[in-house]
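So this one's protein14.csv, CSV, C-alpha atoms and all ligand atoms:
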chain,number,residue,atom,x,y,z
A,30,MET,CA,30.2,85.1,123.7
A,31,SER,CA,30.2,81.5,122.4
A,32,LYS,CA,33.4,80.5,120.8
A,33,LYS,CA,33.8,78.6,117.5
A,34,PRO,CA,35.6,75.3,117.9
A,35,LEU,CA,38.9,75.1,116.0
A,36,ASN,CA,40.4,71.7,115.5
A,37,VAL,CA,44.1,71.8,115.2
A,38,ALA,CA,46.4,69.2,113.7
A,39,VAL,CA,50.2,69.4,114.1
A,40,ILE,CA,52.5,67.4,111.7
A,41,GLY,CA,55.9,66.7,113.3
A,42,TYR,CA,56.8,66.2,116.9
A,43,GLY,CA,60.3,67.8,117.0
A,44,PHE,CA,61.4,71.0,118.7
A,45,MET,CA,58.9,73.0,116.7
A,46,GLY,CA,56.0,70.5,117.1
A,47,ARG,CA,56.5,71.1,120.9
A,48,ALA,CA,56.8,74.8,120.7
A,49,HIS,CA,53.7,75.2,118.6
A,50,SER,CA,51.6,72.7,120.6
A,51,ASN,CA,52.5,74.6,123.7
A,52,ALA,CA,51.3,77.8,122.1
A,53,TYR,CA,47.9,76.2,121.0
A,54,ARG,CA,47.4,74.9,124.6
A,55,LYS,CA,48.2,78.2,126.3
A,56,VAL,CA,46.9,80.9,124.0
A,57,GLY,CA,43.2,80.7,125.1
A,58,ASN,CA,44.1,81.1,128.7
A,59,PHE,CA,45.7,84.5,128.1
A,60,PHE,CA,44.1,86.0,125.0
A,61,ASP,CA,40.5,86.5,124.2
A,62,LEU,CA,40.0,84.5,121.1
A,63,GLY,CA,36.9,83.9,119.0
A,64,TYR,CA,37.9,80.3,118.9
A,65,ASP,CA,38.0,77.3,121.3
A,66,ILE,CA,41.2,75.5,120.3
A,67,ARG,CA,41.0,71.7,120.3
A,68,MET,CA,44.1,69.6,120.1
A,69,LYS,CA,42.6,67.3,117.5
A,70,ALA,CA,45.4,65.3,115.9
A,71,ALA,CA,49.1,64.8,115.9
A,72,CYS,CA,50.8,63.3,112.9
A,73,ALA,CA,54.2,61.7,112.3
A,74,ARG,CA,55.6,58.6,110.5
A,75,SER,CA,56.5,56.7,113.7
A,76,LYS,CA,53.4,55.3,115.4
A,77,ASP,CA,55.0,54.9,118.8
A,78,LYS,CA,56.6,58.3,118.8
A,79,VAL,CA,53.5,60.1,117.6
A,80,GLU,CA,51.4,58.4,120.2
A,81,ALA,CA,53.8,59.3,123.0
A,82,PHE,CA,53.8,62.9,121.7
A,83,ALA,CA,50.0,63.0,121.4
A,84,SER,CA,49.6,61.8,125.0
A,85,GLN,CA,52.1,64.3,126.3
A,86,TRP,CA,50.6,67.3,124.6
A,87,GLY,CA,46.9,66.3,124.9
A,88,PHE,CA,46.0,65.5,121.2
A,89,GLU,CA,42.8,63.5,120.8
A,90,SER,CA,44.0,61.3,117.9
A,91,THR,CA,47.0,60.4,115.8
A,92,GLU,CA,47.8,59.8,112.2
A,93,THR,CA,51.0,58.3,110.6
A,94,ASP,CA,50.1,59.5,107.1
A,95,TRP,CA,49.9,63.3,106.6
A,96,ARG,CA,47.8,62.8,103.4
A,97,LYS,CA,45.1,61.1,105.4
A,98,LEU,CA,45.3,63.8,108.0
A,99,VAL,CA,44.8,66.7,105.6
A,100,GLU,CA,41.7,65.0,104.1
A,101,ARG,CA,40.0,64.6,107.5
A,102,LYS,CA,36.8,66.6,107.7
A,103,ASP,CA,37.3,67.2,111.5
A,104,ILE,CA,40.5,69.2,111.0
A,105,ASP,CA,40.3,73.0,110.5
A,106,LEU,CA,43.9,74.0,110.8
A,107,VAL,CA,47.1,72.2,109.7
A,108,ASP,CA,50.4,73.1,111.2
A,109,ILE,CA,53.4,72.0,109.2
A,110,CYS,CA,56.4,71.3,111.6
A,111,THR,CA,58.2,68.9,109.3
A,112,PRO,CA,61.6,69.4,107.7
A,113,ASN,CA,61.7,71.9,104.8
A,114,ASP,CA,61.6,69.3,102.0
A,115,SER,CA,58.0,68.4,102.8
A,116,HIS,CA,56.6,71.9,103.3
A,117,ARG,CA,55.5,72.4,99.7
A,118,GLU,CA,53.8,69.1,99.2
A,119,ILE,CA,51.9,69.2,102.5
A,120,ALA,CA,50.9,72.9,102.1
A,121,LEU,CA,49.5,72.3,98.6
A,122,ALA,CA,47.4,69.3,99.8
A,123,ALA,CA,46.2,71.2,102.9
A,124,ALA,CA,45.2,74.2,100.7
A,125,ALA,CA,43.3,72.0,98.3
A,126,ALA,CA,41.5,70.5,101.3
A,127,GLY,CA,40.5,74.1,102.4
A,128,LYS,CA,42.5,74.1,105.7
A,129,MET,CA,44.0,77.1,107.5
A,130,ILE,CA,47.7,76.5,107.3
A,131,LEU,CA,50.6,77.5,109.6
A,132,CYS,CA,54.0,76.5,108.3
A,133,GLU,CA,57.3,76.4,110.1
A,134,LYS,CA,60.0,78.7,108.7
A,135,PRO,CA,61.6,78.9,106.3
A,136,LEU,CA,58.6,78.8,103.9
A,137,ALA,CA,60.4,76.3,101.6
A,138,ARG,CA,63.8,75.2,100.4
A,139,ASP,CA,63.8,77.9,97.7
A,140,SER,CA,61.6,80.5,96.1
A,141,ALA,CA,60.4,78.2,93.3
A,142,GLU,CA,58.8,76.0,96.0
A,143,GLY,CA,57.6,79.1,97.8
A,144,ILE,CA,55.9,80.5,94.8
A,145,ASP,CA,53.8,77.3,94.4
A,146,MET,CA,52.8,77.5,98.0
A,147,VAL,CA,51.7,81.1,97.7
A,148,LYS,CA,49.7,80.4,94.6
A,149,ALA,CA,48.0,77.4,96.3
A,150,VAL,CA,46.9,79.2,99.5
A,151,GLU,CA,45.8,82.3,97.6
A,152,ALA,CA,43.8,80.2,95.0
A,153,ALA,CA,42.2,78.3,97.8
A,154,LYS,CA,41.7,81.5,99.9
A,155,VAL,CA,42.8,79.8,103.1
A,156,PRO,CA,44.3,81.8,106.0
A,157,ASN,CA,48.0,81.2,106.1
A,158,MET,CA,51.1,82.2,108.1
A,159,VAL,CA,54.8,81.3,108.6
A,160,TRP,CA,56.3,80.9,112.0
A,161,TYR,CA,58.9,83.7,112.1
A,162,ASN,CA,58.3,83.9,115.8
A,163,TYR,CA,60.9,86.5,116.8
A,164,ARG,CA,58.8,89.3,115.4
A,165,ARG,CA,56.5,88.7,118.4
A,166,VAL,CA,59.0,89.0,121.2
A,167,PRO,CA,57.6,92.1,122.9
A,168,ALA,CA,60.9,94.0,122.7
A,169,VAL,CA,61.1,93.3,118.9
A,170,THR,CA,57.5,94.4,118.5
A,171,LEU,CA,58.3,97.5,120.5
A,172,ALA,CA,61.2,98.2,118.1
A,173,LYS,CA,58.7,98.1,115.2
A,174,GLN,CA,56.4,100.5,117.0
A,175,LEU,CA,59.2,103.0,117.6
A,176,ILE,CA,60.3,102.8,114.0
A,177,ASP,CA,56.8,103.2,112.7
A,178,GLU,CA,56.3,106.2,115.0
A,179,GLY,CA,59.3,107.8,113.2
A,180,LYS,CA,61.4,107.9,116.3
A,181,LEU,CA,64.5,106.8,114.5
A,182,GLY,CA,64.0,109.1,111.5
A,183,ARG,CA,65.9,108.1,108.4
A,184,ILE,CA,67.5,104.8,108.8
A,185,PHE,CA,71.2,104.5,107.8
A,186,HIS,CA,72.3,101.1,109.1
A,187,TYR,CA,70.9,97.7,109.9
A,188,ARG,CA,73.3,95.1,111.4
A,189,ALA,CA,72.2,91.5,112.3
A,190,VAL,CA,74.0,88.3,113.5
A,191,PHE,CA,72.8,84.9,114.4
A,192,LEU,CA,75.6,82.7,115.9
A,193,GLN,CA,75.6,79.1,117.0
A,194,ASP,CA,78.3,76.5,117.7
A,195,TRP,CA,76.5,73.1,117.6
A,196,THR,CA,77.9,71.6,114.4
A,197,ILE,CA,81.7,72.1,115.0
A,198,SER,CA,82.4,68.4,115.6
A,199,SER,CA,83.2,66.5,112.4
A,200,ASP,CA,81.7,63.4,114.1
A,201,LEU,CA,78.2,64.8,113.9
A,202,PRO,CA,76.3,63.1,111.2
A,203,GLN,CA,74.0,64.7,108.7
A,204,GLY,CA,70.3,63.7,108.1
A,205,GLY,CA,67.6,62.3,110.4
A,206,THR,CA,65.9,63.8,113.4
A,207,GLY,CA,67.2,67.4,114.1
A,208,LEU,CA,70.2,66.7,111.9
A,209,TRP,CA,68.2,67.1,108.7
A,210,ARG,CA,69.3,70.8,109.0
A,211,LEU,CA,72.7,69.6,107.8
A,212,ASP,CA,71.4,67.7,104.8
A,213,VAL,CA,71.0,70.0,101.8
A,214,ASN,CA,68.3,67.9,100.2
A,215,ALA,CA,66.1,68.1,103.3
A,216,ALA,CA,66.9,71.7,104.3
A,217,GLY,CA,67.6,73.5,101.0
A,218,SER,CA,70.5,75.4,102.6
A,219,GLY,CA,72.4,75.7,105.8
A,220,VAL,CA,72.5,78.8,108.1
A,221,THR,CA,71.1,81.0,105.3
A,222,GLY,CA,67.6,79.3,105.4
A,223,ASP,CA,67.7,78.3,109.0
A,224,LEU,CA,69.1,81.3,110.8
A,225,LEU,CA,69.6,84.2,108.5
A,226,ALA,CA,66.0,83.7,107.3
A,227,HIS,CA,65.0,84.9,110.8
A,228,CYS,CA,67.2,87.9,110.6
A,229,ILE,CA,66.0,88.8,107.1
A,230,ASP,CA,62.3,88.4,108.1
A,231,THR,CA,62.8,90.8,111.1
A,232,ALA,CA,64.8,93.2,108.9
A,233,ILE,CA,62.2,93.4,106.1
A,234,TRP,CA,59.5,93.9,108.7
A,235,LEU,CA,61.4,96.7,110.5
A,236,ASN,CA,63.2,98.3,107.6
A,237,GLY,CA,61.4,97.4,104.3
A,238,GLY,CA,62.5,95.5,101.3
A,239,VAL,CA,66.1,94.4,100.3
A,240,ASP,CA,67.3,95.5,96.9
A,241,LYS,CA,70.8,93.9,96.4
A,242,VAL,CA,73.1,91.6,98.2
A,243,SER,CA,76.8,90.5,98.1
A,244,ALA,CA,77.5,87.3,100.0
A,245,MET,CA,80.1,84.8,101.0
A,246,THR,CA,79.5,81.3,102.4
A,247,GLU,CA,81.7,78.5,103.6
A,248,THR,CA,81.3,74.8,104.3
A,249,PHE,CA,83.9,74.0,106.9
A,250,ILE,CA,83.4,70.3,107.2
A,251,LYS,CA,83.1,68.9,103.7
A,252,GLU,CA,81.9,65.3,104.4
A,253,ARG,CA,79.7,63.8,107.1
A,254,MET,CA,78.2,60.4,107.7
A,255,HIS,CA,74.6,60.4,106.5
A,256,THR,CA,72.3,58.9,109.2
A,257,LEU,CA,69.8,57.5,106.6
A,258,THR,CA,72.3,55.9,104.2
A,259,GLY,CA,75.1,55.0,106.7
A,260,LYS,CA,77.6,56.4,104.1
A,261,VAL,CA,80.0,59.3,104.3
A,262,GLU,CA,78.5,61.9,101.9
A,263,LYS,CA,79.4,65.4,100.7
A,264,VAL,CA,78.0,68.2,102.8
A,265,GLY,CA,75.9,70.6,100.6
A,266,ILE,CA,74.9,73.2,103.1
A,267,ASP,CA,76.5,76.5,104.0
A,268,ASP,CA,78.0,76.3,107.6
A,269,ALA,CA,78.5,80.1,107.6
A,270,CYS,CA,77.3,83.0,105.6
A,271,ALA,CA,77.9,86.7,105.7
A,272,PHE,CA,76.4,89.3,103.4
A,273,LEU,CA,76.2,92.9,102.7
A,274,ALA,CA,72.8,94.4,101.6
A,275,ARG,CA,71.4,97.5,100.3
A,276,PHE,CA,67.8,98.2,101.4
A,277,LYS,CA,65.3,99.8,99.1
A,278,ASN,CA,65.1,102.8,101.5
A,279,GLY,CA,68.8,103.5,100.9
A,280,SER,CA,70.1,102.0,104.1
A,281,LEU,CA,73.1,99.7,104.3
A,282,ALA,CA,73.2,96.4,106.1
A,283,THR,CA,75.5,93.6,107.2
A,284,PHE,CA,74.2,90.1,108.1
A,285,GLU,CA,76.3,87.3,109.5
A,286,SER,CA,75.5,83.7,110.6
A,287,THR,CA,77.5,80.6,111.5
A,288,ARG,CA,77.2,77.4,113.4
A,289,TYR,CA,80.9,77.6,114.2
A,290,ALA,CA,81.1,80.5,116.6
A,291,ARG,CA,82.4,78.6,119.6
A,292,GLY,CA,80.6,79.7,122.8
A,293,HIS,CA,77.5,81.0,121.1
A,294,LYS,CA,74.3,78.8,121.3
A,295,ALA,CA,71.7,81.1,119.8
A,296,LEU,CA,73.0,84.7,119.7
A,297,TYR,CA,70.6,86.6,117.6
A,298,THR,CA,71.2,90.3,117.8
A,299,PHE,CA,70.4,93.3,115.6
A,300,GLU,CA,71.2,97.0,115.8
A,301,ILE,CA,69.5,99.8,113.8
A,302,ASN,CA,71.0,103.3,113.5
A,303,GLY,CA,68.8,106.1,112.5
A,304,GLU,CA,69.1,109.9,112.1
A,305,HIS,CA,67.5,110.6,115.6
A,306,ALA,CA,67.9,107.4,117.5
A,307,SER,CA,69.3,103.8,117.5
A,308,ILE,CA,67.9,100.6,118.8
A,309,ALA,CA,69.5,97.2,119.6
A,310,TRP,CA,68.2,93.8,120.7
A,311,ASP,CA,69.8,90.6,121.9
A,312,LEU,CA,67.9,87.3,122.0
A,313,HIS,CA,69.9,86.3,125.1
A,314,ASP,CA,68.4,89.2,127.0
A,315,LEU,CA,65.2,89.1,125.0
A,316,HIS,CA,62.9,91.1,127.3
A,317,ARG,CA,65.1,94.2,127.0
A,318,LEU,CA,65.4,96.8,124.2
A,319,SER,CA,68.4,99.1,124.0
A,320,TYR,CA,67.5,102.6,122.9
A,321,PHE,CA,69.5,105.7,122.3
A,322,ASP,CA,67.7,109.0,121.7
A,323,HIS,CA,69.7,111.9,120.4
A,324,GLY,CA,66.8,114.2,121.4
A,325,ASP,CA,67.5,113.6,125.1
A,326,GLN,CA,69.1,116.4,127.1
A,327,GLY,CA,72.9,116.2,126.4
A,328,ILE,CA,74.0,115.7,130.0
A,329,VAL,CA,71.8,112.6,130.5
A,330,ARG,CA,72.0,111.3,126.9
A,331,GLY,CA,73.0,107.7,126.6
A,332,TRP,CA,71.9,104.2,125.8
A,333,ARG,CA,69.0,103.1,127.9
A,334,SER,CA,67.9,99.6,128.5
A,335,ILE,CA,64.1,99.3,128.4
A,336,HIS,CA,62.8,96.4,130.5
A,337,VAL,CA,59.9,95.5,128.2
A,338,THR,CA,57.5,94.2,130.8
A,339,ASP,CA,55.0,97.0,131.4
A,340,GLY,CA,51.3,96.7,130.7
A,341,ASP,CA,51.5,99.1,127.9
A,342,HIS,CA,54.3,97.3,126.1
A,343,PRO,CA,53.3,95.0,123.2
A,344,TYR,CA,51.5,91.9,124.4
A,345,MET,CA,52.6,92.4,128.1
A,346,GLY,CA,49.1,93.5,129.3
A,347,LYS,CA,48.0,89.9,128.7
A,348,TRP,CA,50.6,88.3,131.0
A,349,TRP,CA,51.7,88.9,134.6
A,350,VAL,CA,52.3,92.3,136.3
A,351,PRO,CA,54.8,95.0,135.4
A,352,GLY,CA,58.4,94.0,135.9
A,353,LEU,CA,57.8,90.2,135.5
A,354,GLN,CA,59.2,89.0,132.2
A,355,ILE,CA,58.2,86.3,129.7
A,356,GLY,CA,60.4,84.3,127.3
A,357,TYR,CA,61.0,82.5,124.0
A,358,GLU,CA,57.9,80.3,124.1
A,359,HIS,CA,55.6,83.2,124.5
A,360,SER,CA,56.5,84.5,121.0
A,361,PHE,CA,54.7,81.5,119.6
A,362,VAL,CA,51.6,82.1,121.8
A,363,HIS,CA,51.5,85.7,120.5
A,364,GLN,CA,51.7,84.4,116.9
A,365,VAL,CA,48.7,82.1,117.3
A,366,ALA,CA,46.7,84.9,119.0
A,367,ASP,CA,47.5,87.3,116.1
A,368,PHE,CA,46.8,84.7,113.5
A,369,LEU,CA,43.3,84.0,114.9
A,370,ALA,CA,42.6,87.7,115.4
A,371,GLY,CA,43.5,88.2,111.8
A,372,VAL,CA,41.1,85.5,110.7
A,373,THR,CA,38.3,86.9,112.8
A,374,GLN,CA,38.8,90.4,111.5
A,375,GLY,CA,39.5,89.4,107.9
A,376,LYS,CA,42.9,91.1,108.1
A,377,PRO,CA,45.6,88.5,107.6
A,378,ALA,CA,48.3,88.7,110.2
A,379,SER,CA,51.9,88.9,108.9
A,380,PRO,CA,54.0,87.0,107.8
A,381,THR,CA,51.7,85.3,105.4
A,382,PHE,CA,53.1,82.9,102.9
A,383,ARG,CA,53.5,85.8,100.5
A,384,ASP,CA,55.4,87.9,103.1
A,385,ALA,CA,57.7,84.9,103.8
A,386,LEU,CA,58.3,84.5,100.1
A,387,GLU,CA,60.1,87.8,100.2
A,388,THR,CA,62.5,86.4,102.8
A,389,GLN,CA,63.0,83.3,100.6
A,390,GLN,CA,63.8,85.5,97.6
A,391,VAL,CA,66.5,87.3,99.6
A,392,CYS,CA,67.9,83.9,100.7
A,393,ASP,CA,68.0,82.8,97.1
A,394,ALA,CA,69.9,86.0,96.0
A,395,VAL,CA,72.4,85.6,98.9
A,396,LEU,CA,73.2,82.0,97.9
A,397,LYS,CA,73.4,83.1,94.2
A,398,SER,CA,75.8,85.9,95.1
A,399,ALA,CA,78.0,83.5,97.1
A,400,ARG,CA,78.3,81.3,94.0
A,401,SER,CA,78.8,84.1,91.5
A,402,GLY,CA,81.0,86.3,93.7
A,403,ALA,CA,78.9,89.3,92.4
A,404,TRP,CA,76.3,91.6,93.7
A,405,GLU,CA,72.8,90.1,93.0
A,406,THR,CA,69.5,91.8,92.8
A,407,VAL,CA,66.7,90.3,94.9
A,408,GLN,CA,64.0,88.9,92.5
A,409,GLY,CA,60.3,89.3,93.2
B,1,LIG,C1,68.6,75.8,114.7
B,1,LIG,O1,69.4,75.4,115.7
B,1,LIG,C2,67.4,76.5,115.3
B,1,LIG,O2,66.7,75.7,116.1
B,1,LIG,C3,66.5,77.1,114.2
B,1,LIG,O3,66.0,76.0,113.4
B,1,LIG,C4,65.4,77.9,114.8
B,1,LIG,O4,64.6,78.5,113.8
B,1,LIG,C5,66.0,79.0,115.6
B,1,LIG,O5,65.0,79.8,116.2
B,1,LIG,C6,66.9,78.5,116.7
B,1,LIG,O6,67.9,77.6,116.1
Could you spell out this file's structure in structure tokens?
Ligand code: SOE
Amino acid sequence: MSKKPLNVAVIGYGFMGRAHSNAYRKVGNFFDLGYDIRMKAACARSKDKVEAFASQWGFESTETDWRKLVERKDIDLVDICTPNDSHREIALAAAAAGKMILCEKPLARDSAEGIDMVKAVEAAKVPNMVWYNYRRVPAVTLAKQLIDEGKLGRIFHYRAVFLQDWTISSDLPQGGTGLWRLDVNAAGSGVTGDLLAHCIDTAIWLNGGVDKVSAMTETFIKERMHTLTGKVEKVGIDDACAFLARFKNGSLATFESTRYARGHKALYTFEINGEHASIAWDLHDLHRLSYFDHGDQGIVRGWRSIHVTDGDHPYMGKWWVPGLQIGYEHSFVHQVADFLAGVTQGKPASPTFRDALETQQVCDAVLKSARSGAWETVQG
């Protein structure tokens, strides 16, 4: 079958620019797509850096102005890998230009920006998706399958944490490459939008919508040098956030995230306790899913550790042979494969901008609750 050419443009060459470019390059080798992906253009402000990035990742051309890029007739898909403060503006222009849009998480700095983005892609009827990649780690997708099959029965508890330790030094500046995550104007929030957004996205996918939240946040280091102004400026992000939540299905949840958990680099874990079974997952052991089934015979009942590498496990039939595991970068490959399958079948793959707005609305309620000290209802 002949494949349709798909010209991809990636804006931003940071960590995510690399993760996504790697996915576009690999996906056609492992998944049967209706598209022939072409690495058409890379875009970033610095000419030297974007040219080096384009040559490393095999892009045919470069642009230093994203406005020019989104107007190009030879681009079909625009991938936004820039800091959060430019997501809205680029997405609105790309939607008006009729491009497919993939946007790095979180969708935006807040729901108000997110709503504009949802309206723009829906009015333009362009395929869209947000890169909440952890859904597509095979063990996490298996968790979804088990829940949807009813194996857990009624869900009582959801528990998630995302711990890091990379911002503990007070010498670390805010702003600029990578460190824009510490600058509230660029990021919108701290760990809430950067890390808890992942946990919330997975939780909504696995356990449905969140009704109410009660949160606390802390900014441990109050001032940092700003890379762009050279001045010591107030830190406006949350360094740590913990919140309680009530889901619409009646289950209770706790979520915690910090960049001050010495010894933890990216410890994302969740555990779900149901009436008949429980499941647990740990990003540091991402190819395993822990599963406890109360229906097992009593004398052998216990937590089992499923090595999610068999051909009938989600996505695994596309990779190597049973027993050989895959990793972090493959979740991005799966996301591109699902996105394009959705476009071909006219069934948008999740999370669309509208799905990701729900996560944004939970983040807004969490930050509101941390300020008010009260339980807040999630809007939307
Ligand atoms: C922050 O350190 C970060 O890189 C996030 O921005 C990513 O979304 C997360 O997956 C890993 O941590």
Please identify the residues whose atoms come within 12 Å of ligand LIG 1 (chain B), using all atoms listed in the file, and report them as a ChimeraX atom specification. /A:43-46,48,110-113,133-136,159-164,191-196,207-211,216,218-228,230,268,286-289,293-297,312-313,357-358,360-361
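The two atoms in question, atom CA of A:Trp348 and atom CA of A:Ala52, are spaced 13.8 Å apart.
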May I have the residues within 9 Å of A:Arg117 as an mmCIF file with C-alpha atoms, in the coordinates of the input, using all atoms listed in the file and disregarding those fewer than 6 positions away in the same chain?
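So the final result, stored in around.cif, reads:
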data_model
loop_
_atom_site.group_PDB
_atom_site.id
_atom_site.type_symbol
_atom_site.label_atom_id
_atom_site.label_comp_id
_atom_site.auth_asym_id
_atom_site.auth_seq_id
_atom_site.Cartn_x
_atom_site.Cartn_y
_atom_site.Cartn_z
ATOM 1 C CA LEU A 136 58.600 78.800 103.900
ATOM 2 C CA ALA A 137 60.400 76.300 101.600
ATOM 3 C CA ARG A 138 63.800 75.200 100.400
ATOM 4 C CA GLU A 142 58.800 76.000 96.000
ATOM 5 C CA GLY A 143 57.600 79.100 97.800
ATOM 6 C CA ASP A 145 53.800 77.300 94.400
ATOM 7 C CA MET A 146 52.800 77.500 98.000
#
Atomic separation - atom CA of A:Glu247 relative to atom CA of A:Val407, Å: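 Going from atom CA of A:Val407 over to atom CA of A:Glu247 covers 21.0 Å.
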Choose the residue, out of A:Ala215, A:Ile250, A:Ile301, A:Leu396, that has the smallest atom-to-atom separation from A:Ile184; count all atoms listed in the file. A:Ile301
Contacts of A:Thr298 at 6 Å (all atoms listed in the file; same-chain gap of 2+ positions) as a list in words: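 Residues meeting the cut-off are Ala189, Val190, Trp310 and Asp311 of chain A.
With distances taken from (41.0, 72.6, 114.2) and restricted to only C-alpha atoms, the residues inside 9 Å are Pro34, Leu35, Asn36, Val37, Ala38, Ile66, Arg67, Met68, Lys69, Ala70, Asp103, Ile104, Asp105, Leu106, Val107, Lys128 and Met129 of chain A.
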Mind giving me the straight-line distance from atom CA of A:Phe60 to atom CA of A:Val166 in Å, one decimal? 15.7 Å
Taking all atoms listed in the file into account, name the residue in A:Ala123, A:Ala309, A:Ile144, A:Leu131 that is nearest to A:Ala378.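 Ranked by minimum distance to A:Ala378, first place goes to A:Leu131.
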Starting from the sparse input, extend stretch 41-61 of chain A to N, CA and C atoms and give the output as a PDB file, in the frame of the given file.
ATOM      1  N   GLY A  41      54.467  66.614 112.799  1.00  0.00           N
ATOM      2  CA  GLY A  41      55.900  66.700 113.300  1.00  0.00           C
ATOM      3  C   GLY A  41      55.916  66.894 114.751  1.00  0.00           C
ATOM      4  N   TYR A  42      56.789  66.139 115.418  1.00  0.00           N
ATOM      5  CA  TYR A  42      56.800  66.200 116.900  1.00  0.00           C
ATOM      6  C   TYR A  42      58.171  66.682 117.423  1.00  0.00           C
ATOM      7  N   GLY A  43      58.960  67.310 116.571  1.00  0.00           N
ATOM      8  CA  GLY A  43      60.300  67.800 117.000  1.00  0.00           C
ATOM      9  C   GLY A  43      60.189  69.021 117.863  1.00  0.00           C
ATOM     10  N   PHE A  44      61.290  69.735 117.914  1.00  0.00           N
ATOM     11  CA  PHE A  44      61.400  71.000 118.700  1.00  0.00           C
ATOM     12  C   PHE A  44      60.216  71.914 118.354  1.00  0.00           C
ATOM     13  N   MET A  45      59.935  72.091 117.063  1.00  0.00           N
ATOM     14  CA  MET A  45      58.900  73.000 116.700  1.00  0.00           C
ATOM     15  C   MET A  45      57.479  72.434 116.953  1.00  0.00           C
ATOM     16  N   GLY A  46      57.321  71.122 116.788  1.00  0.00           N
ATOM     17  CA  GLY A  46      56.000  70.500 117.100  1.00  0.00           C
ATOM     18  C   GLY A  46      55.696  70.786 118.573  1.00  0.00           C
ATOM     19  N   ARG A  47      56.706  70.787 119.441  1.00  0.00           N
ATOM     20  CA  ARG A  47      56.500  71.100 120.900  1.00  0.00           C
ATOM     21  C   ARG A  47      56.193  72.544 121.106  1.00  0.00           C
ATOM     22  N   ALA A  48      57.014  73.397 120.459  1.00  0.00           N
ATOM     23  CA  ALA A  48      56.800  74.800 120.700  1.00  0.00           C
ATOM     24  C   ALA A  48      55.434  75.292 120.210  1.00  0.00           C
ATOM     25  N   HIS A  49      54.987  74.759 119.080  1.00  0.00           N
ATOM     26  CA  HIS A  49      53.700  75.200 118.600  1.00  0.00           C
ATOM     27  C   HIS A  49      52.547  74.573 119.408  1.00  0.00           C
ATOM     28  N   SER A  50      52.690  73.311 119.788  1.00  0.00           N
ATOM     29  CA  SER A  50      51.600  72.700 120.600  1.00  0.00           C
ATOM     30  C   SER A  50      51.465  73.421 121.910  1.00  0.00           C
ATOM     31  N   ASN A  51      52.574  73.797 122.497  1.00  0.00           N
ATOM     32  CA  ASN A  51      52.500  74.600 123.700  1.00  0.00           C
ATOM     33  C   ASN A  51      51.745  75.875 123.527  1.00  0.00           C
ATOM     34  N   ALA A  52      51.959  76.505 122.364  1.00  0.00           N
ATOM     35  CA  ALA A  52      51.300  77.800 122.100  1.00  0.00           C
ATOM     36  C   ALA A  52      49.755  77.536 121.925  1.00  0.00           C
ATOM     37  N   TYR A  53      49.355  76.480 121.211  1.00  0.00           N
ATOM     38  CA  TYR A  53      47.900  76.200 121.000  1.00  0.00           C
ATOM     39  C   TYR A  53      47.254  75.956 122.395  1.00  0.00           C
ATOM     40  N   ARG A  54      47.977  75.263 123.265  1.00  0.00           N
ATOM     41  CA  ARG A  54      47.400  74.900 124.600  1.00  0.00           C
ATOM     42  C   ARG A  54      47.237  76.156 125.458  1.00  0.00           C
ATOM     43  N   LYS A  55      48.204  77.072 125.390  1.00  0.00           N
ATOM     44  CA  LYS A  55      48.200  78.200 126.300  1.00  0.00           C
ATOM     45  C   LYS A  55      47.386  79.419 125.847  1.00  0.00           C
ATOM     46  N   VAL A  56      47.324  79.633 124.536  1.00  0.00           N
ATOM     47  CA  VAL A  56      46.900  80.900 124.000  1.00  0.00           C
ATOM     48  C   VAL A  56      45.475  81.320 124.551  1.00  0.00           C
ATOM     49  N   GLY A  57      44.560  80.364 124.630  1.00  0.00           N
ATOM     50  CA  GLY A  57      43.200  80.700 125.100  1.00  0.00           C
ATOM     51  C   GLY A  57      43.110  81.084 126.532  1.00  0.00           C
ATOM     52  N   ASN A  58      44.125  80.744 127.315  1.00  0.00           N
ATOM     53  CA  ASN A  58      44.100  81.100 128.700  1.00  0.00           C
ATOM     54  C   ASN A  58      44.482  82.612 128.909  1.00  0.00           C
ATOM     55  N   PHE A  59      45.219  83.153 127.958  1.00  0.00           N
ATOM     56  CA  PHE A  59      45.700  84.500 128.100  1.00  0.00           C
ATOM     57  C   PHE A  59      45.148  85.542 127.174  1.00  0.00           C
ATOM     58  N   PHE A  60      44.662  85.067 126.018  1.00  0.00           N
ATOM     59  CA  PHE A  60      44.100  86.000 125.000  1.00  0.00           C
ATOM     60  C   PHE A  60      42.656  85.674 124.779  1.00  0.00           C
ATOM     61  N   ASP A  61      41.876  86.733 124.502  1.00  0.00           N
ATOM     62  CA  ASP A  61      40.500  86.500 124.200  1.00  0.00           C
ATOM     63  C   ASP A  61      40.346  86.172 122.734  1.00  0.00           C
TER      64      ASP A  61
END
